[in-house]
file my_file-v1.cif (mmCIF, C-alpha atoms)
data_query
#
loop_
_atom_site.label_atom_id
_atom_site.label_comp_id
_atom_site.auth_asym_id
_atom_site.auth_seq_id
_atom_site.Cartn_x
_atom_site.Cartn_y
_atom_site.Cartn_z
CA MET P 261 163.84 162.80 1.00
CA THR P 262 164.42 162.10 -2.63
CA ILE P 263 166.07 158.96 -3.89
CA ASP P 264 168.45 159.16 -6.78
CA ARG P 265 167.27 156.35 -9.09
CA ARG P 266 169.84 156.94 -11.82
CA PRO P 267 172.30 154.23 -10.71
CA PHE P 268 169.49 151.66 -10.66
CA ALA P 269 168.27 152.71 -14.09
CA ILE P 270 171.77 152.52 -15.52
CA GLY P 271 172.30 149.11 -13.98
CA LEU P 272 169.00 147.83 -15.34
CA PHE P 273 169.88 149.15 -18.79
CA LEU P 274 173.25 147.42 -18.73
CA MET P 275 171.65 144.16 -17.55
CA LEU P 276 169.13 144.21 -20.41
CA ALA P 277 171.72 145.26 -22.96
CA CYS P 278 174.04 142.43 -22.00
CA SER P 279 171.49 139.64 -21.75
CA GLY P 280 172.80 136.84 -23.90
CA CYS P 281 176.33 138.21 -24.09
CA ALA P 282 177.75 135.39 -22.05
CA ASP P 283 176.94 132.74 -24.64
CA ARG P 284 178.54 134.66 -27.46
CA PRO P 285 182.28 134.84 -26.79
CA VAL P 286 183.00 136.86 -29.90
CA GLN P 287 186.25 138.77 -29.80
CA ARG P 288 185.76 142.31 -28.61
CA ASP P 289 187.70 143.77 -31.51
CA ALA P 290 185.31 142.09 -33.91
CA LEU P 291 182.39 143.94 -32.44
CA ALA P 292 184.35 147.15 -32.26
CA ALA P 293 184.98 146.96 -36.00
CA ALA P 294 181.28 147.06 -36.84
CA PRO P 295 179.22 150.23 -37.18
CA ALA P 296 177.45 151.12 -33.94
CA PRO P 297 173.82 150.79 -35.13
CA SER P 298 174.33 147.15 -36.15
CA ALA P 299 177.05 146.20 -33.73
CA SER P 300 175.51 142.82 -32.94
CA SER P 301 174.13 141.85 -36.36
CA ALA P 302 177.32 140.31 -37.74
CA ALA P 303 177.86 138.23 -34.63
CA ASP P 304 174.25 137.04 -34.73
CA SER P 305 174.53 136.10 -38.41
CA CYS P 306 177.80 134.29 -37.78
CA ASN P 307 176.62 132.40 -34.71
CA GLY P 308 173.32 131.55 -36.41
CA PRO P 309 173.17 130.80 -40.16
CA ALA P 310 176.95 130.62 -40.68
CA ALA P 311 177.56 128.20 -37.80
CA ASP P 312 174.57 126.10 -38.90
CA TYR P 313 175.98 125.95 -42.41
CA LEU P 314 179.35 124.71 -41.19
CA THR P 315 177.66 122.03 -39.10
CA ARG P 316 175.87 120.78 -42.23
CA LEU P 317 179.19 120.86 -44.06
CA GLY P 318 180.64 118.45 -41.51
CA ALA P 319 182.36 120.66 -38.96
CA THR P 320 182.52 119.05 -35.53
CA GLU P 321 183.74 122.15 -33.73
CA VAL P 322 183.02 125.73 -34.73
CA ARG P 323 184.57 128.73 -32.97
CA LEU P 324 183.90 132.24 -34.22
CA GLN P 325 187.06 134.35 -34.36
CA ARG P 326 185.83 137.42 -36.18
CA ALA P 327 182.48 138.88 -37.21
CA VAL P 328 182.39 141.95 -39.45
CA ASP P 329 179.46 143.83 -40.91
CA SER P 330 180.38 144.58 -44.48
CA THR P 331 179.02 145.15 -47.96
CA ARG P 332 179.24 143.28 -51.23
CA ALA P 333 181.70 145.82 -52.69
CA ASN P 334 183.93 145.73 -49.63
CA VAL P 335 183.96 141.92 -49.61
CA SER P 336 184.79 141.80 -53.34
CA ARG P 337 187.79 144.09 -52.82
CA TRP P 338 188.95 141.99 -49.90
CA GLN P 339 188.64 138.74 -51.85
CA SER P 340 190.85 140.19 -54.58
CA ASN P 341 193.64 141.20 -52.26
CA ARG P 342 193.57 139.12 -49.09
CA PHE P 343 196.52 136.96 -50.19
CA ALA P 344 199.91 138.07 -51.43
CA GLU P 345 200.60 137.00 -55.01
CA GLY P 346 201.06 133.24 -55.15
CA GLN P 347 200.24 132.68 -51.48
CA GLY P 348 196.56 131.94 -52.00
CA PRO P 349 193.73 132.42 -54.48
CA ARG P 350 193.06 136.04 -55.39
CA ALA P 351 189.69 135.12 -56.79
CA ASN P 352 186.23 136.53 -57.27
CA SER P 353 182.79 135.51 -58.41
CA PRO P 354 181.25 137.55 -61.25
CA VAL P 355 177.85 136.39 -59.95
CA PHE P 356 178.61 137.84 -56.52
CA ASP P 357 180.26 140.95 -57.96
CA ALA P 358 177.11 141.72 -59.97
CA LEU P 359 175.07 142.21 -56.80
CA PRO P 360 174.39 145.76 -55.58
CA PRO P 361 177.59 147.18 -54.07
CA ASP P 362 175.91 148.23 -50.85
CA ALA P 363 174.18 144.87 -50.25
CA PRO P 364 174.92 143.92 -46.62
CA TYR P 365 177.06 140.91 -45.84
CA ALA P 366 178.35 139.53 -42.58
CA VAL P 367 181.88 138.17 -42.86
CA CYS P 368 182.49 135.33 -40.41
CA VAL P 369 185.98 133.95 -39.73
CA PHE P 370 185.85 130.63 -37.88
CA ASP P 371 188.29 128.15 -36.46
CA VAL P 372 186.86 124.70 -37.13
CA SER P 373 187.45 121.01 -36.90
CA MET P 374 186.22 119.23 -40.00
CA ALA P 375 185.36 115.55 -40.11
CA ALA P 376 182.96 114.42 -42.83
CA VAL P 377 183.53 117.00 -45.51
CA ALA P 378 182.48 116.81 -49.14
CA LEU P 379 184.99 119.17 -50.65
CA PRO P 380 185.79 118.72 -54.33
CA VAL P 381 189.40 117.64 -54.76
CA PRO P 382 191.21 116.06 -57.72
CA PRO P 383 192.38 112.46 -57.32
CA GLY P 384 195.65 112.29 -55.44
CA ALA P 385 195.64 115.95 -54.45
CA GLN P 386 195.96 116.97 -50.84
CA PRO P 387 192.91 118.83 -49.58
CA PRO P 388 193.60 121.92 -47.47
CA THR P 389 194.12 121.55 -43.73
CA ALA P 390 190.80 123.36 -43.30
CA ASP P 391 191.00 124.50 -39.71
CA ARG P 392 190.05 128.07 -40.58
CA VAL P 393 187.13 129.01 -42.85
CA VAL P 394 185.33 132.15 -43.92
CA VAL P 395 181.56 132.13 -44.40
CA LEU P 396 179.46 134.99 -45.79
CA VAL P 397 175.89 135.67 -44.69
CA ASP P 398 173.69 137.90 -46.84
CA GLY P 399 170.96 140.24 -45.67
CA ALA P 400 168.36 137.47 -45.91
CA GLY P 401 170.35 135.23 -43.59
CA VAL P 402 171.63 132.88 -46.30
CA ALA P 403 175.13 131.55 -45.60
CA SER P 404 177.66 130.58 -48.25
CA LEU P 405 181.18 129.25 -48.07
CA ASP P 406 183.87 131.70 -49.10
CA LEU P 407 187.33 130.45 -48.09
CA ILE P 408 188.78 127.22 -46.74
CA THR P 409 192.24 127.65 -45.32
CA SER P 410 194.41 127.04 -42.29
CA ARG P 411 195.43 129.05 -39.26
CA ALA P 412 199.04 128.91 -40.45
CA LYS P 413 198.17 130.61 -43.73
CA PHE P 414 195.38 133.05 -42.95
CA GLY P 415 194.76 135.46 -40.08
CA THR P 416 191.52 136.54 -38.50
CA ALA P 417 191.52 140.17 -39.58
CA GLY P 418 188.63 139.99 -42.04
CA PRO P 419 187.85 142.87 -44.36
CA PRO P 420 188.43 146.45 -43.22
CA PRO P 421 185.42 148.36 -41.90
CA ASN P 422 183.23 149.98 -44.53
CA MET H 174 168.43 133.60 -32.78
CA ARG H 175 171.41 133.57 -30.51
CA ARG H 176 173.58 130.51 -30.16
CA PRO H 177 176.80 129.72 -28.42
CA ALA H 178 179.76 130.55 -30.61
CA CYS H 179 181.43 127.25 -29.83
CA ILE H 180 179.32 124.35 -31.01
CA VAL H 181 180.59 120.91 -30.21
CA ILE H 182 178.62 118.10 -31.79
CA ALA H 183 178.68 114.69 -30.19
CA ALA H 184 179.56 111.74 -32.35
CA ALA H 185 176.09 110.32 -31.87
CA VAL H 186 174.53 113.43 -33.30
CA MET H 187 176.88 113.29 -36.27
CA SER H 188 175.86 109.72 -36.95
CA ALA H 189 172.20 110.63 -36.87
CA THR H 190 172.71 113.64 -39.11
CA PHE H 191 174.63 111.76 -41.77
CA ALA H 192 172.83 108.43 -41.67
CA SER H 193 173.08 107.98 -45.42
CA PRO H 194 175.12 105.15 -46.91
CA ALA H 195 177.49 107.72 -48.37
CA SER H 196 178.51 109.40 -45.16
CA ALA H 197 178.29 106.32 -43.00
CA THR H 198 180.98 104.68 -45.08
CA GLY H 199 182.85 107.86 -45.94
CA PHE H 200 182.41 106.94 -49.58
CA HIS H 201 184.63 108.92 -51.95
CA ALA H 202 185.55 107.61 -55.39
CA TYR H 203 186.49 108.77 -58.89
CA SER H 204 186.23 107.93 -62.55
CA THR H 205 188.53 110.36 -64.32
CA ALA H 206 190.64 110.83 -67.41
CA TYR H 207 193.87 112.80 -67.72
CA GLU H 208 195.57 114.84 -70.43
CA SER H 209 199.11 115.16 -69.12
CA SER H 210 201.76 114.45 -71.76
CA LEU H 211 202.95 118.06 -72.17
CA GLY H 212 204.01 118.70 -68.59
CA ALA H 213 203.50 122.05 -66.86
CA HIS H 214 202.06 123.93 -69.82
CA TYR H 215 198.30 123.48 -69.54
CA THR H 216 196.33 126.74 -69.28
CA GLY H 217 192.90 125.67 -70.44
CA ASN H 218 190.49 122.75 -70.30
CA ALA H 219 186.99 122.38 -71.71
CA LEU H 220 184.39 119.72 -72.36
CA THR H 221 180.75 119.28 -73.31
CA ARG H 222 178.45 117.42 -70.94
CA THR H 223 174.74 116.89 -70.34
CA GLU H 224 173.37 117.60 -66.87
CA THR H 225 171.07 114.62 -66.44
CA ALA H 226 169.55 114.26 -62.97
CA ILE H 227 170.87 111.70 -60.48
CA SER H 228 168.38 110.11 -58.09
CA ILE H 229 169.96 110.62 -54.69
CA PRO H 230 167.66 109.96 -51.69
CA THR H 231 167.48 112.45 -48.87
CA PRO H 232 169.45 111.19 -45.85
CA ALA H 233 167.67 110.97 -42.52
CA GLY H 234 167.95 114.35 -40.85
CA GLY H 235 169.74 115.74 -43.88
CA SER H 236 168.89 118.56 -46.20
CA CYS H 237 169.16 118.98 -49.94
CA THR H 238 170.86 122.26 -50.62
CA THR H 239 173.73 123.74 -52.55
CA GLY H 240 176.97 124.26 -50.72
CA LEU H 241 179.08 121.10 -50.60
CA THR H 242 176.93 119.25 -48.08
CA LEU H 243 176.62 115.44 -48.19
CA PRO H 244 175.49 113.54 -50.15
CA VAL H 245 176.92 115.01 -53.34
CA VAL H 246 178.21 113.86 -56.72
CA PHE H 247 180.45 116.15 -58.79
CA GLU H 248 181.11 116.15 -62.53
CA PRO H 249 184.23 118.35 -62.62
CA THR H 250 186.48 119.92 -65.21
CA TRP H 251 189.93 120.34 -63.66
CA LEU H 252 193.30 121.97 -64.21
CA VAL H 253 195.77 120.64 -61.65
CA ASN H 254 199.34 121.64 -60.89
CA SER H 255 201.35 119.16 -58.87
CA VAL H 256 203.64 121.74 -57.31
CA ALA H 257 204.90 119.03 -54.97
CA ALA H 258 203.45 115.90 -53.44
CA GLY H 259 200.71 117.05 -51.10
CA ALA H 260 200.93 120.64 -52.35
CA GLU H 261 198.72 120.81 -55.40
CA ASP H 262 197.12 123.92 -56.83
CA TRP H 263 194.00 123.51 -58.92
CA ILE H 264 190.96 125.16 -60.41
CA GLU H 265 187.70 123.44 -61.28
CA VAL H 266 184.18 124.08 -62.49
CA GLY H 267 181.35 121.67 -62.99
CA THR H 268 177.97 120.40 -61.93
CA ALA H 269 177.14 119.16 -58.44
CA TYR H 270 174.17 116.88 -57.76
CA THR H 271 172.62 116.32 -54.37
CA CYS H 272 169.41 114.84 -53.02
CA ASN H 273 165.87 115.76 -54.08
CA ASN H 274 167.16 116.63 -57.55
CA VAL H 275 169.02 119.72 -56.41
CA ARG H 276 171.64 120.52 -59.04
CA TYR H 277 174.00 123.42 -59.20
CA HIS H 278 177.06 124.78 -60.93
CA TYR H 279 180.01 125.11 -58.64
CA GLY H 280 183.54 126.42 -58.87
CA TYR H 281 186.58 125.99 -56.70
CA THR H 282 190.19 127.08 -56.79
CA CYS H 283 192.99 126.16 -54.42
CA GLN H 284 196.46 127.65 -54.18
CA ASN H 285 199.12 127.07 -51.56
CA GLY H 286 196.69 125.28 -49.25
CA SER H 287 193.87 127.82 -49.36
CA CYS H 288 190.69 127.37 -51.41
CA TYR H 289 188.16 129.89 -52.66
CA HIS H 290 184.56 128.81 -53.21
CA PRO H 291 182.34 131.21 -55.16
CA PRO H 292 178.58 131.14 -54.53
CA ASP H 293 176.89 128.20 -56.22
CA VAL H 294 174.44 128.80 -59.05
CA GLN H 295 171.37 126.60 -58.73
CA LEU H 296 169.96 124.96 -61.87
CA VAL H 297 166.29 124.69 -62.69
CA ASN H 298 166.57 122.49 -65.75
CA GLY H 299 169.53 120.47 -66.84
CA SER H 300 170.87 120.90 -70.32
CA THR H 301 173.94 120.21 -72.43
CA LEU H 302 176.64 122.76 -71.79
CA ARG H 303 180.25 123.54 -72.52
CA PHE H 304 182.28 123.78 -69.28
CA SER H 305 185.44 125.80 -69.70
CA LEU H 306 188.49 126.92 -67.79
CA VAL H 307 190.20 129.59 -69.87
CA HIS H 308 192.96 132.12 -69.26
CA GLN H 309 192.35 135.51 -70.81
CA SER H 310 194.37 138.65 -71.44
CA ASP H 311 193.12 140.25 -68.23
CA GLY H 312 195.38 137.84 -66.33
CA ASN H 313 192.52 135.81 -64.93
CA TYR H 314 191.47 132.23 -65.24
CA HIS H 315 187.75 132.19 -65.91
CA GLY H 316 185.38 129.36 -65.11
CA LEU H 317 182.30 129.16 -67.31
CA ALA H 318 179.23 126.98 -67.68
CA GLY H 319 177.92 127.58 -71.17
CA SER H 320 178.80 130.72 -73.05
CA ASP H 321 177.23 133.16 -70.66
CA GLN H 322 177.47 131.84 -67.11
CA LEU H 323 180.80 133.09 -65.84
CA PHE H 324 181.08 132.34 -62.16
CA LEU H 325 184.73 132.10 -61.18
CA ASP H 326 187.65 134.47 -61.77
CA TRP H 327 191.11 133.71 -60.44
CA HIS H 328 193.97 136.14 -60.96
CA SER H 329 196.90 133.85 -61.68
CA ALA H 330 199.62 133.18 -64.23
CA GLU H 331 200.11 129.62 -63.04
CA LYS H 332 200.45 126.80 -65.57
CA PHE H 333 199.22 123.31 -64.79
CA THR H 334 200.70 119.85 -65.11
CA PHE H 335 197.52 118.17 -66.29
CA ALA H 336 193.95 118.62 -67.40
CA GLN H 337 191.39 116.22 -66.00
CA ALA H 338 187.68 115.44 -66.16
CA GLY H 339 185.09 112.87 -65.12
CA LEU H 340 183.18 111.94 -61.97
CA GLU H 341 183.87 112.49 -58.26
CA SER H 342 181.34 110.90 -55.92
CA TYR H 343 180.61 111.30 -52.22
CA TRP H 344 177.54 109.07 -52.52
CA ALA H 345 177.49 105.26 -52.56
CA GLY H 346 174.76 104.60 -55.08
CA ASN H 347 174.00 104.22 -58.75
CA VAL H 348 175.05 107.13 -60.92
CA ARG H 349 173.84 106.93 -64.51
CA LYS H 350 176.27 106.89 -67.37
CA ASN H 351 177.38 110.25 -68.69
CA THR H 352 180.07 111.42 -71.09
CA ALA H 353 182.52 114.28 -71.24
CA SER H 354 182.86 114.93 -74.95
CA SER H 355 184.82 117.24 -77.25
CA MET H 356 187.46 117.56 -74.55
CA ALA H 357 190.00 120.22 -75.45
CA TYR H 358 192.98 121.81 -73.73
CA SER H 359 195.14 124.85 -74.36
CA VAL H 360 198.75 125.50 -73.47
CA ASP H 361 200.96 128.45 -72.59
CA PHE H 362 198.07 130.92 -72.50
CA ASN H 363 197.20 130.39 -76.16
CA ALA H 364 193.50 130.74 -76.73
CA ALA H 365 193.30 127.98 -79.32
CA GLY H 366 191.91 124.72 -78.04
CA LEU H 367 193.48 121.40 -78.99
CA ALA H 368 191.58 118.15 -78.80
CA TRP H 369 192.66 115.68 -76.15
CA ALA H 370 194.63 113.12 -78.09
CA GLY H 371 196.91 111.10 -75.90
CA PHE H 372 194.83 108.58 -73.93
CA ASP H 373 197.34 109.71 -71.29
CA ALA H 374 196.00 108.29 -68.03
CA THR H 375 192.85 107.24 -66.21
CA GLY H 376 191.76 106.83 -62.62
CA VAL H 377 188.79 104.55 -62.02
CA GLY H 378 188.11 103.59 -58.42
CA SER H 379 187.67 99.97 -57.38
CA SER H 380 185.20 100.95 -54.70
CA SER H 381 181.89 99.36 -53.86
CA PRO H 382 179.75 100.27 -55.67
CA ALA H 383 182.32 100.12 -58.44
CA MET H 384 183.19 103.10 -60.56
CA CYS H 385 183.15 102.70 -64.33
CA GLY H 386 185.07 104.63 -66.95
CA GLY H 387 186.42 104.32 -70.45
CA TRP H 388 187.55 106.18 -73.54
CA ASP H 389 185.02 106.39 -76.38
CA THR H 390 187.59 108.35 -78.35
CA ALA H 391 190.77 110.18 -77.36
CA SER H 392 188.64 113.24 -76.58
CA GLN H 393 185.57 111.58 -75.07
CA TRP H 394 185.40 109.90 -71.64
CA ARG H 395 182.37 107.95 -70.39
CA PHE H 396 181.74 107.34 -66.72
CA SER H 397 179.25 106.00 -64.19
CA GLU H 398 179.04 104.52 -60.68
CA GLY H 399 177.35 101.25 -59.72
CA VAL H 400 176.07 100.65 -63.26
CA ALA H 401 177.72 99.79 -66.55
CA CYS H 402 179.09 102.52 -68.75
#
call {"tool": "encode", "arguments": {"input": "my_file-v1.cif", "output": "structure tokens"}}
result
Amino acid sequence: MTIDRRPFAIGLFLMLACSGCADRPVQRDALAAAPAPSASSAADSCNGPAADYLTRLGATEVRLQRAVDSTRANVSRWQSNRFAEGQGPRANSPVFDALPPDAPYAVCVFDVSMAAVALPVPPGAQPPTADRVVVLVDGAGVASLDLITSRAKFGTAGPPPN
Amino acid sequence: MRRPACIVIAAAVMSATFASPASATGFHAYSTAYESSLGAHYTGNALTRTETAISIPTPAGGSCTTGLTLPVVFEPTWLVNSVAAGAEDWIEVGTAYTCNNVRYHYGYTCQNGSCYHPPDVQLVNGSTLRFSLVHQSDGNYHGLAGSDQLFLDWHSAEKFTFAQAGLESYWAGNVRKNTASSMAYSVDFNAAGLAWAGFDATGVGSSSPAMCGGWDTASQWRFSEGVAC
């Protein structure tokens, strides 16, 4: 009698593939947006260096809403157009824009609670509500702040897929 | 390394992480000067300033990096538009100083409650530079440190209600005297710079340690924290 081992093998594969999934409640559509070969890299970058960065910045609660694998060129285009005219800064960094266009970047959209922040703000001005932030993580795992905003003013879509 | 996506930090951990005098007290104070007599016409602001190091100790459990983490002292150049109380738009460039002599050029622009932060540019050696916010024919405000370090572009035709400069501190300590000199503004998208002339307004915090500020001339503002200026 022969035993069909395929169901066991498939089950073992799924178990190994999903180990660690439970502690990363990233939205399914975020993962679906990333290219298949690096489907988990954006989420790892966001839950690792990006979340660590926000903790150092003073965030007391950090919840990842979107993780997208992208490129420098794609992020630059998104930064230029992610707000309608007058609704938010359509801004870029020439330093960032001078990097190779295909340099990989993870785009991380978080919902946060911020307590002890050190944001520059002119005297008397009202700092932003800052319950939604975007952090970029480069290919070396270095995180940098991109956008500080609020849930009322900015969605979780992130840049379009490459 | 995999981590939970939701990280909740207990208050005790926060206290240990930010056990510096600055964060423990939530210190935040200013010494600033304003050019504001022309109303909502300002479209440029520039000054010359030396980037002399500030001795900020490393907080227990803290790190000394770029990226707006405590403790930090800013020397900003601002254009601010008071659209309405609590709804200001602004753009700024300047130098940020944190512990272990980490210094960097930073930029920041906020509009309608959302703020863009370009990557910081770390400094190796301080020097005397011209910091400028200028609007050019491409429709962008540009933020520059010196003549060649352009690190912030903002596509906007907004005019601002005042130009401003000085010191913003998130560190309760002694910050050496510095000066913002040859301060100049421009209006209505004209490229020509006009010297600050009005002694229009100042904002010097009465915190502890006390902030210090004063006009040397109508276009030169001196400032410090915890020491005389």
call {"tool": "closest_residue", "arguments": {"input": "my_file-v1.cif", "among": "P:Ala333, P:Val328, P:Leu314, P:Ala351", "to": "chain H", "atoms": "all atoms listed in the file"}}
result
P:Ala351
call {"tool": "closest_atom_pairs", "arguments": {"input": "my_file-v1.cif", "of": "chain P", "to": "chain H", "cutoff": "6 Å", "atoms": "all atoms listed in the file", "output": "Markdown table"}}
result
| residue | atom | partner | partner_atom | distance |
| --- | --- | --- | --- | --- |
| P:Asp283 | CA | H:Pro177 | CA | 4.8 |
| P:Arg284 | CA | H:Ala178 | CA | 5.3 |
| P:Asn307 | CA | H:Ala178 | CA | 5.5 |
| P:Leu317 | CA | H:Thr242 | CA | 4.9 |
| P:Thr320 | CA | H:Ile182 | CA | 5.5 |
| P:Glu321 | CA | H:Val181 | CA | 4.9 |
| P:Val322 | CA | H:Cys179 | CA | 5.4 |
| P:Arg323 | CA | H:Cys179 | CA | 4.7 |
| P:Leu324 | CA | H:Ala178 | CA | 5.7 |
| P:Gln347 | CA | H:Asn285 | CA | 5.7 |
| P:Gly348 | CA | H:Gln284 | CA | 4.8 |
| P:Pro349 | CA | H:Gln284 | CA | 5.5 |
| P:Arg350 | CA | H:His328 | CA | 5.6 |
| P:Ala351 | CA | H:Trp327 | CA | 4.2 |
| P:Asn352 | CA | H:Asp326 | CA | 5.1 |
| P:Ser353 | CA | H:Leu325 | CA | 4.8 |
| P:Pro354 | CA | H:Phe324 | CA | 5.3 |
| P:Val355 | CA | H:Phe324 | CA | 5.6 |
| P:Ala378 | CA | H:Leu241 | CA | 5.7 |
| P:Ala385 | CA | H:Glu261 | CA | 5.8 |
| P:Gln386 | CA | H:Gly259 | CA | 4.8 |
| P:Pro388 | CA | H:Gly286 | CA | 4.9 |
| P:Asp406 | CA | H:His290 | CA | 5.1 |
| P:Leu407 | CA | H:Tyr289 | CA | 4.7 |
| P:Ile408 | CA | H:Cys288 | CA | 5.0 |
| P:Thr409 | CA | H:Ser287 | CA | 4.4 |
call {"tool": "atom_distance", "arguments": {"input": "my_file-v1.cif", "atom1": "CA of Ala401 in chain H", "atom2": "CA of Arg349 in chain H"}}
result
8.4 Å
call {"tool": "resolve_selection", "arguments": {"input": "my_file-v1.cif", "expression": "the PyMOL selection byres ((chain P and resi 363-369) around 9)", "output": "PyMOL selection string"}}
result
chain P and resi 301-303+305-307+310+323-333+335+359-362+370-371+392-399+415-419
call {"tool": "closest_residue", "arguments": {"input": "my_file-v1.cif", "among": "H:Ser310, H:Thr221, H:Gln393, H:Ser209", "to": "Ala364 in chain H", "atoms": "all atoms listed in the file"}}
result
H:Ser310
call {"tool": "atom_distance", "arguments": {"input": "my_file-v1.cif", "atom1": "CA of Thr389 in chain P", "atom2": "CA of Leu317 in chain H"}}
result
27.5 Å
